[in-house]
Each structure stands twice: as structure tokens, then as C-alpha cells.
>>> print(open('data.csv').read())   # CSV, C-alpha atoms and all ligand atoms
chain,number,residue,atom,x,y,z
W,1,MET,CA,0.0,0.0,0.0
W,2,LYS,CA,1.2,3.5,-0.8
W,3,TYR,CA,1.9,5.9,2.1
W,4,GLU,CA,-0.6,8.7,2.4
W,5,GLN,CA,-0.6,11.8,4.6
W,6,PRO,CA,-3.2,11.8,7.4
W,7,ASP,CA,-6.6,13.3,6.9
W,8,ASP,CA,-7.8,16.6,8.5
W,9,HIS,CA,-8.7,14.6,11.7
W,10,GLY,CA,-5.3,13.1,12.0
W,11,TYR,CA,-6.1,9.6,10.8
W,12,PHE,CA,-3.3,7.6,9.2
W,13,GLY,CA,-5.6,5.0,7.7
W,14,GLU,CA,-7.5,3.6,10.7
W,15,PHE,CA,-5.0,5.0,13.3
W,16,GLY,CA,-4.8,8.4,15.0
W,17,GLY,CA,-7.6,10.8,15.7
W,18,ALA,CA,-8.3,12.9,18.8
W,19,PHE,CA,-10.0,11.0,21.6
W,20,VAL,CA,-10.3,13.7,24.2
W,21,PRO,CA,-13.0,14.8,26.8
W,22,GLU,CA,-15.3,17.4,25.5
W,23,THR,CA,-13.7,20.2,27.6
W,24,LEU,CA,-10.4,19.6,25.8
W,25,VAL,CA,-11.9,19.8,22.2
W,26,PRO,CA,-11.5,23.6,22.0
W,27,CYS,CA,-7.8,23.4,23.2
W,28,VAL,CA,-6.9,20.7,20.7
W,29,ASP,CA,-8.7,22.7,17.9
W,30,GLU,CA,-6.9,25.9,18.9
W,31,LEU,CA,-3.5,24.1,18.9
W,32,LYS,CA,-4.3,22.5,15.5
W,33,ALA,CA,-5.1,25.9,13.9
W,34,ALA,CA,-2.0,27.6,15.5
W,35,TYR,CA,0.3,24.8,14.5
W,36,PHE,CA,-0.7,24.5,10.8
W,37,GLU,CA,-0.5,28.3,10.5
W,38,ALA,CA,2.9,28.5,12.1
W,39,LYS,CA,4.2,25.7,9.9
W,40,LYS,CA,3.6,27.9,6.9
W,41,ASP,CA,5.1,31.0,8.4
W,42,LYS,CA,8.7,31.8,7.3
W,43,LYS,CA,9.4,33.8,10.5
W,44,PHE,CA,8.4,30.8,12.7
W,45,ARG,CA,10.6,28.5,10.7
W,46,SER,CA,13.6,30.7,10.8
W,47,GLU,CA,13.2,31.2,14.5
W,48,LEU,CA,13.1,27.4,14.9
W,49,GLU,CA,16.2,27.0,12.8
W,50,TYR,CA,18.0,29.6,14.8
W,51,TYR,CA,17.5,27.8,18.2
W,52,LEU,CA,18.1,24.4,16.7
W,53,LYS,CA,21.5,25.6,15.5
W,54,ASN,CA,22.6,28.0,18.2
W,55,PHE,CA,21.0,26.4,21.3
W,56,ALA,CA,20.7,22.7,20.5
W,57,GLY,CA,23.9,22.6,18.5
W,58,ARG,CA,22.5,21.4,15.1
W,59,ALA,CA,23.3,20.1,12.6
W,60,THR,CA,24.5,17.0,14.4
W,61,ALA,CA,27.3,14.9,12.7
W,62,LEU,CA,26.7,11.9,10.6
W,63,TYR,CA,29.6,9.8,11.7
W,64,PHE,CA,31.2,6.9,9.8
W,65,ALA,CA,31.8,4.1,12.3
W,66,GLU,CA,34.9,2.6,10.7
W,67,LYS,CA,35.8,-0.2,13.1
W,68,LEU,CA,32.2,-1.3,13.4
W,69,SER,CA,31.8,-1.3,9.7
W,70,LYS,CA,34.9,-3.4,9.3
W,71,GLU,CA,33.7,-5.9,11.9
W,72,TYR,CA,30.2,-6.3,10.5
W,73,GLY,CA,31.1,-6.1,6.8
W,74,PHE,CA,29.0,-3.2,5.6
W,75,LYS,CA,29.2,0.6,5.9
W,76,ILE,CA,27.7,2.0,9.2
W,77,TYR,CA,26.9,5.7,9.7
W,78,LEU,CA,25.7,7.0,13.1
W,79,LYS,CA,23.4,10.0,13.2
W,80,ARG,CA,24.8,11.7,16.3
W,81,GLU,CA,21.7,13.0,18.2
W,82,ASP,CA,23.7,12.2,21.4
W,83,LEU,CA,25.6,15.4,20.6
W,84,CYS,CA,22.5,17.6,21.0
W,85,HIS,CA,22.3,19.9,24.0
W,86,THR,CA,20.8,17.9,26.9
W,87,GLY,CA,22.1,14.7,25.3
W,88,ALA,CA,19.3,13.4,23.1
W,89,HIS,CA,16.9,14.2,20.3
W,90,LYS,CA,14.1,15.3,22.6
W,91,ILE,CA,15.3,18.9,22.6
W,92,ASN,CA,14.4,19.3,18.9
W,93,ASN,CA,10.7,18.8,19.7
W,94,CYS,CA,10.8,20.9,22.9
W,95,ILE,CA,12.2,23.9,21.1
W,96,GLY,CA,9.5,23.6,18.4
W,97,GLN,CA,6.7,23.3,20.8
W,98,ILE,CA,7.8,26.1,23.2
W,99,LEU,CA,8.2,28.5,20.2
W,100,LEU,CA,4.6,27.6,19.3
W,101,ALA,CA,3.5,28.2,22.9
W,102,LYS,CA,5.1,31.6,22.8
W,103,ARG,CA,3.5,32.4,19.5
W,104,MET,CA,0.1,31.4,21.0
W,105,GLY,CA,0.7,33.8,23.9
W,106,LYS,CA,0.7,31.0,26.5
W,107,LYS,CA,2.4,31.8,29.8
W,108,ARG,CA,2.7,28.4,31.5
W,109,ILE,CA,4.2,25.1,30.3
W,110,ILE,CA,3.3,21.6,31.5
W,111,ALA,CA,4.8,18.3,30.6
W,112,GLU,CA,4.8,14.6,31.6
W,113,THR,CA,8.0,12.6,32.1
W,114,GLY,CA,9.0,9.0,32.8
W,115,ALA,CA,12.6,8.7,33.7
W,116,GLY,CA,13.0,12.5,33.4
W,117,GLN,CA,14.5,12.9,29.9
W,118,HIS,CA,11.6,14.8,28.4
W,119,GLY,CA,11.0,16.6,31.7
W,120,VAL,CA,14.6,17.9,31.6
W,121,ALA,CA,14.4,18.9,28.0
W,122,THR,CA,11.2,20.8,28.7
W,123,ALA,CA,12.5,22.5,31.8
W,124,THR,CA,15.6,23.5,29.8
W,125,VAL,CA,13.5,25.3,27.1
W,126,ALA,CA,11.2,26.8,29.7
W,127,ALA,CA,14.3,28.4,31.4
W,128,LEU,CA,15.5,29.5,28.0
W,129,PHE,CA,12.3,31.5,27.3
W,130,GLY,CA,11.5,32.4,30.9
W,131,LEU,CA,8.2,30.6,31.1
W,132,LYS,CA,6.7,29.0,34.2
W,133,CYS,CA,6.9,25.2,34.0
W,134,VAL,CA,5.3,22.3,35.9
W,135,VAL,CA,6.3,18.7,35.1
W,136,TYR,CA,4.2,15.7,36.2
W,137,MET,CA,6.2,12.6,37.2
W,138,GLY,CA,5.2,9.3,38.9
W,139,SER,CA,6.3,9.0,42.5
W,140,ASP,CA,8.2,5.8,41.8
W,141,ASP,CA,10.1,7.5,39.0
W,142,ILE,CA,10.9,10.5,41.3
W,143,LYS,CA,12.6,8.1,43.7
W,144,ARG,CA,14.5,6.4,41.0
W,145,GLN,CA,15.5,9.5,39.2
W,146,ALA,CA,16.4,12.0,41.9
W,147,LEU,CA,19.2,13.6,39.9
W,148,ASN,CA,16.8,14.5,37.0
W,149,VAL,CA,14.3,16.0,39.5
W,150,PHE,CA,17.2,18.2,40.8
W,151,ARG,CA,18.1,19.1,37.3
W,152,MET,CA,14.6,20.3,36.6
W,153,ASN,CA,14.5,22.2,39.8
W,154,LEU,CA,17.8,24.0,38.8
W,155,PHE,CA,15.9,25.3,35.8
W,156,GLY,CA,13.2,26.7,38.0
W,157,THR,CA,10.7,23.9,37.1
W,158,GLU,CA,8.3,22.5,39.7
W,159,VAL,CA,8.1,18.7,39.6
W,160,ARG,CA,4.7,17.4,40.8
W,161,SER,CA,4.6,13.9,42.1
W,162,VAL,CA,1.8,11.5,40.8
W,163,ASP,CA,0.9,8.9,43.3
W,164,THR,CA,-1.8,6.9,41.5
W,165,GLY,CA,-1.9,3.6,39.7
W,166,SER,CA,1.6,2.3,38.7
W,167,LYS,CA,3.1,5.7,39.8
W,168,THR,CA,4.9,6.0,36.5
W,169,LEU,CA,4.7,7.6,33.1
W,170,LYS,CA,1.2,6.5,32.1
W,171,GLU,CA,-0.3,8.2,35.2
W,172,ALA,CA,1.9,11.3,34.7
W,173,VAL,CA,0.4,11.7,31.2
W,174,ASN,CA,-3.2,11.4,32.7
W,175,GLU,CA,-2.4,14.1,35.3
W,176,ALA,CA,-0.9,16.4,32.7
W,177,MET,CA,-4.0,16.1,30.6
W,178,ARG,CA,-6.2,16.9,33.7
W,179,ASP,CA,-4.1,20.0,34.4
W,180,TRP,CA,-4.4,21.1,30.7
W,181,MET,CA,-8.2,20.8,30.9
W,182,ALA,CA,-8.3,22.9,34.1
W,183,ASN,CA,-5.9,25.6,32.8
W,184,VAL,CA,-6.5,25.7,29.1
W,185,LYS,CA,-6.4,29.5,28.7
W,186,ASP,CA,-2.8,30.2,29.7
W,187,THR,CA,-1.2,26.7,29.5
W,188,PHE,CA,0.6,24.8,26.8
W,189,TYR,CA,1.1,21.1,27.1
W,190,ILE,CA,4.4,19.9,25.6
W,191,ILE,CA,4.1,16.2,24.8
W,192,GLY,CA,7.4,14.3,24.6
W,193,SER,CA,6.8,11.9,21.7
W,194,CYS,CA,4.7,11.4,18.6
W,195,ILE,CA,1.7,10.3,20.6
W,196,GLY,CA,-1.4,12.0,22.0
W,197,PRO,CA,-4.4,13.5,20.2
W,198,HIS,CA,-4.1,15.1,16.7
W,199,PRO,CA,-2.2,17.3,15.9
W,200,TYR,CA,0.6,16.1,18.3
W,201,PRO,CA,1.7,13.0,16.4
W,202,VAL,CA,2.1,15.1,13.2
W,203,MET,CA,3.6,18.1,14.9
W,204,VAL,CA,6.2,16.1,16.8
W,205,ARG,CA,7.1,14.2,13.7
W,206,ASP,CA,7.6,17.4,11.8
W,207,PHE,CA,9.8,18.8,14.6
W,208,GLN,CA,11.9,15.6,14.7
W,209,SER,CA,12.2,15.1,11.0
W,210,VAL,CA,15.1,17.5,11.0
W,211,ILE,CA,17.1,14.3,11.9
W,212,GLY,CA,16.2,12.6,8.7
W,213,TYR,CA,16.5,15.6,6.4
W,214,GLU,CA,20.0,16.3,7.7
W,215,THR,CA,21.0,12.6,7.4
W,216,LYS,CA,19.7,12.5,3.8
W,217,LYS,CA,21.8,15.6,2.8
W,218,GLN,CA,24.9,14.4,4.7
W,219,ILE,CA,24.9,10.9,3.2
W,220,LYS,CA,24.5,12.3,-0.3
W,221,ASP,CA,27.4,14.6,0.3
W,222,ILE,CA,29.6,11.8,1.7
W,223,GLU,CA,28.6,8.8,-0.4
W,224,GLY,CA,26.7,10.4,-3.3
W,225,ARG,CA,23.7,8.0,-2.7
W,226,LEU,CA,21.1,7.1,-0.2
W,227,PRO,CA,21.5,4.4,2.4
W,228,GLY,CA,20.0,0.9,1.7
W,229,THR,CA,18.8,0.6,5.3
W,230,VAL,CA,17.8,3.1,8.0
W,231,LEU,CA,17.6,2.0,11.6
W,232,ALA,CA,16.1,3.6,14.8
W,233,CYS,CA,14.7,2.6,18.1
W,234,VAL,CA,11.0,2.9,18.8
W,235,GLY,CA,9.5,4.0,22.2
W,236,GLY,CA,6.7,6.4,21.6
W,237,GLY,CA,8.3,6.7,18.2
W,238,SER,CA,9.6,10.2,17.8
W,239,ASN,CA,13.3,9.8,17.0
W,240,SER,CA,12.5,7.0,14.6
W,241,ILE,CA,9.7,8.8,12.8
W,242,GLY,CA,12.0,11.8,12.5
W,243,MET,CA,14.7,9.7,11.0
W,244,PHE,CA,12.3,7.7,8.7
W,245,TYR,CA,9.9,10.4,7.4
W,246,PRO,CA,12.2,12.0,4.8
W,247,PHE,CA,12.9,8.6,3.4
W,248,ILE,CA,9.4,7.3,3.2
W,249,ASP,CA,8.9,8.0,-0.5
W,250,ASP,CA,12.4,6.5,-1.4
W,251,GLY,CA,11.0,3.0,-1.9
W,252,LYS,CA,14.4,1.4,-2.1
W,253,VAL,CA,15.5,2.5,1.4
W,254,ASN,CA,14.6,-0.2,3.9
W,255,LEU,CA,13.3,1.3,7.1
W,256,ILE,CA,13.6,-0.7,10.3
W,257,GLY,CA,12.1,0.2,13.7
W,258,VAL,CA,13.5,-1.6,16.8
W,259,GLU,CA,11.2,-2.0,19.7
W,260,ALA,CA,12.1,-3.0,23.3
W,261,GLY,CA,11.7,-6.8,23.6
W,262,GLY,CA,12.5,-6.7,27.3
W,263,ARG,CA,12.8,-10.2,28.6
W,264,GLY,CA,11.2,-11.6,25.4
W,265,ILE,CA,7.8,-11.0,23.8
W,266,ARG,CA,6.4,-14.4,25.1
W,267,SER,CA,7.3,-13.5,28.7
W,268,GLY,CA,4.9,-10.5,28.5
W,269,MET,CA,7.6,-8.4,30.0
W,270,HIS,CA,8.4,-6.1,27.2
W,271,SER,CA,7.4,-2.7,25.7
W,272,ALA,CA,6.8,-3.6,22.1
W,273,ALA,CA,3.4,-2.2,21.2
W,274,ILE,CA,3.7,-3.1,17.5
W,275,ALA,CA,4.9,-6.7,18.1
W,276,GLY,CA,2.9,-7.4,21.2
W,277,GLY,CA,0.0,-5.0,21.2
W,278,ARG,CA,-3.3,-4.6,19.3
W,279,PRO,CA,-5.5,-1.6,18.3
W,280,GLY,CA,-6.8,0.5,21.2
W,281,VAL,CA,-7.1,4.0,22.5
W,282,LEU,CA,-4.4,5.4,24.8
W,283,HIS,CA,-3.7,9.0,25.7
W,284,GLY,CA,-5.9,10.5,23.0
W,285,SER,CA,-5.3,8.5,19.9
W,286,LEU,CA,-6.0,5.1,18.4
W,287,SER,CA,-2.9,3.0,17.8
W,288,ARG,CA,-1.4,-0.3,18.8
W,289,VAL,CA,-1.4,-0.6,22.5
W,290,MET,CA,-0.3,-3.3,25.0
W,291,GLN,CA,-3.4,-4.4,26.7
W,292,THR,CA,-5.1,-7.3,28.6
W,293,LYS,CA,-8.0,-9.3,27.2
W,294,ASP,CA,-10.5,-6.8,28.6
W,295,GLY,CA,-8.6,-3.8,27.3
W,296,GLN,CA,-6.8,-2.7,30.5
W,297,ILE,CA,-3.3,-1.3,29.7
W,298,SER,CA,-0.7,-3.9,30.5
W,299,LEU,CA,2.4,-3.4,32.6
W,300,THR,CA,5.5,-2.9,30.6
W,301,HIS,CA,9.1,-3.6,31.0
W,302,SER,CA,12.4,-2.5,29.4
W,303,VAL,CA,15.9,-2.0,30.6
W,304,SER,CA,15.7,1.4,29.0
W,305,ALA,CA,13.4,3.8,30.6
W,306,GLY,CA,12.8,5.8,27.4
W,307,LEU,CA,11.3,2.8,25.6
W,308,ASP,CA,9.2,1.7,28.6
W,309,TYR,CA,5.8,2.8,27.4
W,310,PRO,CA,2.7,0.6,26.5
W,311,GLY,CA,1.8,2.6,23.3
W,312,VAL,CA,3.3,3.8,20.1
W,313,GLY,CA,2.6,6.8,17.8
W,314,PRO,CA,-0.3,6.2,15.4
W,315,GLU,CA,1.8,6.8,12.3
W,316,HIS,CA,4.0,3.8,13.2
W,317,SER,CA,0.9,1.5,13.5
W,318,TYR,CA,0.0,2.8,10.0
W,319,LEU,CA,3.5,2.3,8.6
W,320,ASN,CA,3.5,-1.2,10.0
W,321,LYS,CA,0.1,-2.0,8.5
W,322,ILE,CA,1.0,-0.8,5.0
W,323,GLY,CA,4.4,-2.6,5.3
W,324,ARG,CA,6.5,0.5,4.6
W,325,VAL,CA,8.5,0.1,7.9
W,326,LYS,CA,9.6,-3.3,9.3
W,327,TYR,CA,9.4,-3.5,13.1
W,328,VAL,CA,11.6,-5.9,15.0
W,329,THR,CA,12.5,-6.4,18.6
W,330,VAL,CA,15.8,-6.5,20.6
W,331,ASN,CA,15.8,-7.8,24.2
W,332,ASP,CA,17.4,-6.3,27.3
W,333,GLY,CA,20.5,-8.4,27.2
W,334,GLN,CA,21.2,-7.7,23.5
W,335,ALA,CA,20.8,-4.0,24.1
W,336,VAL,CA,23.3,-4.0,27.0
W,337,GLU,CA,25.7,-6.0,24.9
W,338,ALA,CA,25.5,-3.4,22.2
W,339,PHE,CA,26.0,-0.6,24.8
W,340,HIS,CA,29.4,-2.2,25.7
W,341,MET,CA,30.3,-2.9,22.1
W,342,LEU,CA,29.8,0.6,20.8
W,343,SER,CA,31.7,2.1,23.8
W,344,GLU,CA,34.7,-0.3,23.2
W,345,LYS,CA,34.8,-0.1,19.5
W,346,GLU,CA,34.0,3.5,18.8
W,347,GLY,CA,34.5,5.5,22.0
W,348,ILE,CA,30.8,6.4,22.0
W,349,ILE,CA,28.6,5.5,25.0
W,350,PRO,CA,25.0,5.2,23.6
W,351,ALA,CA,21.8,5.6,25.5
W,352,LEU,CA,20.2,2.2,26.3
W,353,GLU,CA,17.3,3.2,24.0
W,354,SER,CA,19.7,3.8,21.1
W,355,SER,CA,21.6,0.6,22.0
W,356,HIS,CA,18.5,-1.3,20.8
W,357,ALA,CA,19.0,0.1,17.3
W,358,ILE,CA,22.8,-0.6,17.5
W,359,ALA,CA,22.1,-4.2,18.6
W,360,TYR,CA,20.1,-4.9,15.4
W,361,LEU,CA,23.2,-4.3,13.3
W,362,LYS,CA,24.5,-7.7,14.4
W,363,MET,CA,21.4,-9.4,12.9
W,364,LEU,CA,22.2,-7.8,9.5
W,365,ARG,CA,25.7,-9.4,9.5
W,366,GLY,CA,26.2,-11.7,6.6
W,367,ARG,CA,23.0,-10.4,4.9
W,368,LEU,CA,24.6,-7.2,3.5
W,369,SER,CA,27.7,-6.6,1.4
W,370,LYS,CA,30.7,-4.3,1.8
W,371,LYS,CA,29.1,-1.6,-0.4
W,372,ASP,CA,25.8,-1.5,1.5
W,373,ILE,CA,25.1,1.6,3.7
W,374,VAL,CA,23.2,1.5,6.9
W,375,ALA,CA,22.3,4.7,8.8
W,376,VAL,CA,21.5,4.4,12.4
W,377,CYS,CA,19.9,7.0,14.6
W,378,LEU,CA,21.9,7.3,17.8
W,379,SER,CA,19.1,9.0,19.6
W,380,GLY,CA,21.0,9.9,22.8
W,381,ARG,CA,24.1,9.5,25.0
W,382,GLY,CA,24.4,6.8,27.7
W,383,ASP,CA,25.8,8.8,30.7
W,384,LYS,CA,22.3,8.5,32.3
W,385,ASP,CA,22.4,4.7,32.1
W,386,LEU,CA,25.8,3.9,33.7
W,387,ASP,CA,24.3,2.7,37.0
W,388,ILE,CA,21.8,0.4,35.2
W,389,VAL,CA,24.4,-1.1,33.0
W,390,ARG,CA,26.9,-1.6,35.8
W,391,ASP,CA,24.3,-3.5,37.9
W,392,PHE,CA,22.7,-5.3,35.0
W,393,LYS,CA,22.3,-9.1,35.3
W,394,ASN,CA,20.8,-11.0,32.4
W,401,LIG,C1,13.0,9.2,25.1
W,401,LIG,C2,14.0,8.6,24.3
W,401,LIG,C3,13.8,7.6,23.3
W,401,LIG,C4,12.4,7.1,23.0
W,401,LIG,O1,11.5,8.0,22.6
W,401,LIG,P1,11.0,8.1,21.1
W,401,LIG,O2,9.9,9.0,21.1
W,401,LIG,O3,10.6,6.7,20.6
W,401,LIG,O4,12.2,8.6,20.3
W,401,LIG,C5,14.8,7.1,22.6
W,401,LIG,N1,16.1,7.5,22.8
W,401,LIG,C6,16.4,8.4,23.8
W,401,LIG,C7,17.8,8.7,24.0
W,401,LIG,C8,15.4,8.9,24.6
W,401,LIG,O5,15.7,9.8,25.5
>>> encode(input="data.csv", output="C-alpha cells")
Amino acid sequence: MKYEQPDDHGYFGEFGGAFVPETLVPCVDELKAAYFEAKKDKKFRSELEYYLKNFAGRATALYFAEKLSKEYGFKIYLKREDLCHTGAHKINNCIGQILLAKRMGKKRIIAETGAGQHGVATATVAALFGLKCVVYMGSDDIKRQALNVFRMNLFGTEVRSVDTGSKTLKEAVNEAMRDWMANVKDTFYIIGSCIGPHPYPVMVRDFQSVIGYETKKQIKDIEGRLPGTVLACVGGGSNSIGMFYPFIDDGKVNLIGVEAGGRGIRSGMHSAAIAGGRPGVLHGSLSRVMQTKDGQISLTHSVSAGLDYPGVGPEHSYLNKIGRVKYVTVNDGQAVEAFHMLSEKEGIIPALESSHAIAYLKMLRGRLSKKDIVAVCLSGRGDKDLDIVRDFKN
């Protein structure tokens, strides 16, 4: 099936939409109008470009991993999102959304966070623009990620503890939505991945697609041709959709999304919504969701906090359905092995999330030739994961 843009209601085929309480409908509509207007505005685009370049440090390098390429027998290029300010791709999206918030005249920013990565990126841009910021975080996550809470506090952000349900990311999103409903007039909700009601999945994809556009230009400059394969890890799906999107119409480029297989799909302890979920509504849109027989959201597991989410952006469910992107899984042990391998071989410590994409290179061994090019999105750096890797037991 051929890829088509979503319709006006944000449906990619059967997936997407905006499943929100009635009180939120006007906010979502206001956001939609503001975003599609801003997208066409030259001034907005040049402001976005300015901060991506001068604050986040773009363009990021596309790095030829020479030793790794020799070892695996094909050419491997790493898109270095780990070199972005704050250490991952999340800042791209946060800069885009806060500029939109400013344009809409909003005075207050809210966000949800799991391990704290998106919370820190949001707190960073809130400090940059001097806006008041509240981040919702599960109470269990607050205990586990005390340093990230302190980081957010340094930026002047208030972290609000969420003590319900699993006390993690899923509940933090629910609380942020509740806050948004109560404070629509002056508040902008910065969502951290390509999930949520329309227009978030489209908007976040647009803000992250700078990753893929740069990669495309850089690889053409270096190699004079496109890669045969593009790889990225999939949590909510924002770094991967950003990497894939500019290649979607290049039919010869194989796109591969790597989900967190945790302790194996059959164990039930994983976070692979494409491989192990089915269609359902979560956080405002219809997509593949990990759920029980009666539609309750399942508990998830991954060694990497950033992939530990029971849903996935609707565009991924659609790309899976039409067969344009192939989705695979990598388990905890394989990801940790890749974490060590990249550190030793290339002097780059990858985030555990990104390590999932790196790990899949091994599965391509023997299936590609010396001339083949693989581009991998290295979504973030691994400094935040040192404790977990040091204590990891398979
Ligand atoms: C949050 C995070 C991810 C997962 O989120 P996506 O929306 O799927 O990109 C991946 N890598 C890093 C480094 C992250 O911080």
C-alpha cells in the first residue's frame, strides 16, 4: 500500500484521531489551527532554525563508524543525536513546541515525564524562554531519578509527584491532561513523543524530521547516494519517525524500527506495542497498545526507561500496517551488549534506548555486502544509564 498523509482529523488509515474529553476539544482545535498556521510562516521556521542551530547545536554529525563497519562487513553511519544539548533528540521537539507556545501567547508550560529525559528537555527550554513550568512525574520515578528531579529544579521547574496507579509515566500523562483541561487558557502542554491527540503526532514528527533531512543531505554529500537501510529505536516513536519520514517516498530504502523486547515477547515483560499490542485508544489516539484481554493497559518492562511505554505513535501503527516500515525487537541483554560494544569499538557511549538500534546491526551481519550503507539514529548518549548497565544481570 502507498503511504498517504493523514486526513484533517489526524487519521493515518484507521490509526490516530483525537479521543479527548469534550472540555479539551477547544484546546486541541486551537492548537491545530495555530500549528498549521505556524508551519507555513517563514518567521516561525527561521526562529526554529535559529534555536536548533545555536541552542541545541545542530546540525549533528553523521559519523562513519569505521571499526564497526569493518567488523560487520557493511558501511555503518551514526546520526549523532547524542551530541545535541541535553544529550538526546528530545530537545528538537521541545524547542519547536515552546516556540509555538510563545506564538500562541501561553504563559505556562506543562509536561509529563517518565525517567526524566523529556522533563529535563522541557525544563531547559522553559528556562531559555522564561516561562513558568510544571512537570508531572510518577512518585516511583521520582525516587529512581532523583538527579533528574534536581536538574529540573535547577531550571526553575516545579516537579509534581503523581501517586496513583503504577506511579509511573502512564499516570503522569493522565495528570498532565487533567491540568491542561483545568488551565486551558494560559497553559501549553508539551508532549514528549509522537503520541497524543491530533495534531501532536504530526507536529512532533515534523519537529523531529530535521534528523532525517540532515541525514539525507549528509549521506548524499559523503557517499553520493542514499543508504540501503535506516535503523532507529521505537519507544513512543519520535526519533524513529523523525529519522524515517524524509525517506518514506524513497522506496528502495529499507526502514527498520527496533522495539524493546525486554525479557522476550512471550514473557509478556516487554514494551513492544507493535509486536505485542493490538489496536486500542491510549492518551488521546487510536494505535497499537499493549493491553489485557479486557482492554486494560498492560504493565510494561524494558531495561531502557525511554522505551518503557505501552503505546506507540499512530503513524507507526500505520507504517507497520502498510508494510513501509519493518518492526523488529531486541531484548534487554542484547541492548546492554550493544551498549558495551559501541563504547569499546568507537568510543561512544550510547543511551540504552539507542543501544536497541545498534544491537540490530548484528542481525544484519552476513546479509549485506561491503558496499551497503546502513544509517542508524543514535538518539542519545548513555551517561544517564551507567548505573543500570553496571548493575545489569541477564
Ligand atoms: C525518550 C528517548 C527515546 C524514546 O522516545 P522516542 O519518542 O521513541 O524517540 C529514545 N532514545 C532516547 C535517547 C530517549 O531519551
>>> closest_residue(input="data.csv", among="W:Val234, W:Leu169, W:Leu78, W:Leu368", to="ligand LIG 401 (chain W)", atoms="only C-alpha atoms and all ligand atoms")
W:Val234
>>> closest_residue(input="data.csv", among="W:Glu214, W:Asp294, W:Glu259, W:Glu47", to="W:Arg80", atoms="only C-alpha atoms")
W:Glu214
>>> residues_around(input="data.csv", residues="stretch 360-363 of chain W", least_positions_apart="5", cutoff="8 Å", atoms="all atoms listed in the file", output="number ranges by chain")
W: 72, 258, 330
>>> closest_residue(input="data.csv", among="W:Arg178, W:Lys326, W:Lys90, W:Lys67", to="ligand LIG 401 (chain W)", atoms="all atoms listed in the file")
W:Lys90
>>> closest_atom_pairs(input="data.csv", of="chain W", to="ligand LIG 401 (chain W)", cutoff="7 Å", atoms="only C-alpha atoms and all ligand atoms", output="JSON lines")
{"residue": "W:Ala88", "atom": "CA", "partner": "W:LIG401", "partner_atom": "C7", "distance": 5.0}
{"residue": "W:His89", "atom": "CA", "partner": "W:LIG401", "partner_atom": "C7", "distance": 6.7}
{"residue": "W:Lys90", "atom": "CA", "partner": "W:LIG401", "partner_atom": "O5", "distance": 6.4}
{"residue": "W:Gln117", "atom": "CA", "partner": "W:LIG401", "partner_atom": "O5", "distance": 5.5}
{"residue": "W:His118", "atom": "CA", "partner": "W:LIG401", "partner_atom": "C1", "distance": 6.6}
{"residue": "W:Gly192", "atom": "CA", "partner": "W:LIG401", "partner_atom": "O2", "distance": 6.8}
{"residue": "W:Ser193", "atom": "CA", "partner": "W:LIG401", "partner_atom": "O2", "distance": 4.3}
{"residue": "W:Cys194", "atom": "CA", "partner": "W:LIG401", "partner_atom": "O2", "distance": 6.2}
{"residue": "W:Cys233", "atom": "CA", "partner": "W:LIG401", "partner_atom": "O3", "distance": 6.3}
{"residue": "W:Val234", "atom": "CA", "partner": "W:LIG401", "partner_atom": "O3", "distance": 4.2}
{"residue": "W:Gly235", "atom": "CA", "partner": "W:LIG401", "partner_atom": "O3", "distance": 3.3}
{"residue": "W:Gly236", "atom": "CA", "partner": "W:LIG401", "partner_atom": "O3", "distance": 4.0}
{"residue": "W:Gly237", "atom": "CA", "partner": "W:LIG401", "partner_atom": "O3", "distance": 3.3}
{"residue": "W:Ser238", "atom": "CA", "partner": "W:LIG401", "partner_atom": "O2", "distance": 3.5}
{"residue": "W:Asn239", "atom": "CA", "partner": "W:LIG401", "partner_atom": "O4", "distance": 3.7}
{"residue": "W:Ser240", "atom": "CA", "partner": "W:LIG401", "partner_atom": "O4", "distance": 5.9}
{"residue": "W:Gly306", "atom": "CA", "partner": "W:LIG401", "partner_atom": "C1", "distance": 4.1}
{"residue": "W:Leu307", "atom": "CA", "partner": "W:LIG401", "partner_atom": "C4", "distance": 5.1}
{"residue": "W:Ala351", "atom": "CA", "partner": "W:LIG401", "partner_atom": "C7", "distance": 5.3}
{"residue": "W:Glu353", "atom": "CA", "partner": "W:LIG401", "partner_atom": "N1", "distance": 4.6}
{"residue": "W:Ser354", "atom": "CA", "partner": "W:LIG401", "partner_atom": "N1", "distance": 5.4}
{"residue": "W:Ser379", "atom": "CA", "partner": "W:LIG401", "partner_atom": "C7", "distance": 4.6}
{"residue": "W:Gly380", "atom": "CA", "partner": "W:LIG401", "partner_atom": "C7", "distance": 3.6}
{"residue": "W:Arg381", "atom": "CA", "partner": "W:LIG401", "partner_atom": "C7", "distance": 6.4}
>>> atom_distance(input="data.csv", atom1="atom CA of W:Lys321", atom2="atom CA of W:Met1")
8.7 Å
>>> atom_distance(input="data.csv", atom1="atom CA of W:Ala121", atom2="atom CA of W:Ile91")
5.5 Å
>>> closest_residue(input="data.csv", among="W:Ile373, W:Phe339, W:Cys94, W:Met104", to="W:Lys220", atoms="only C-alpha atoms")
W:Ile373
>>> closest_residue(input="data.csv", among="W:Thr113, W:Leu147, W:Phe207, W:Ala59", to="W:Leu99", atoms="only C-alpha atoms")
W:Phe207
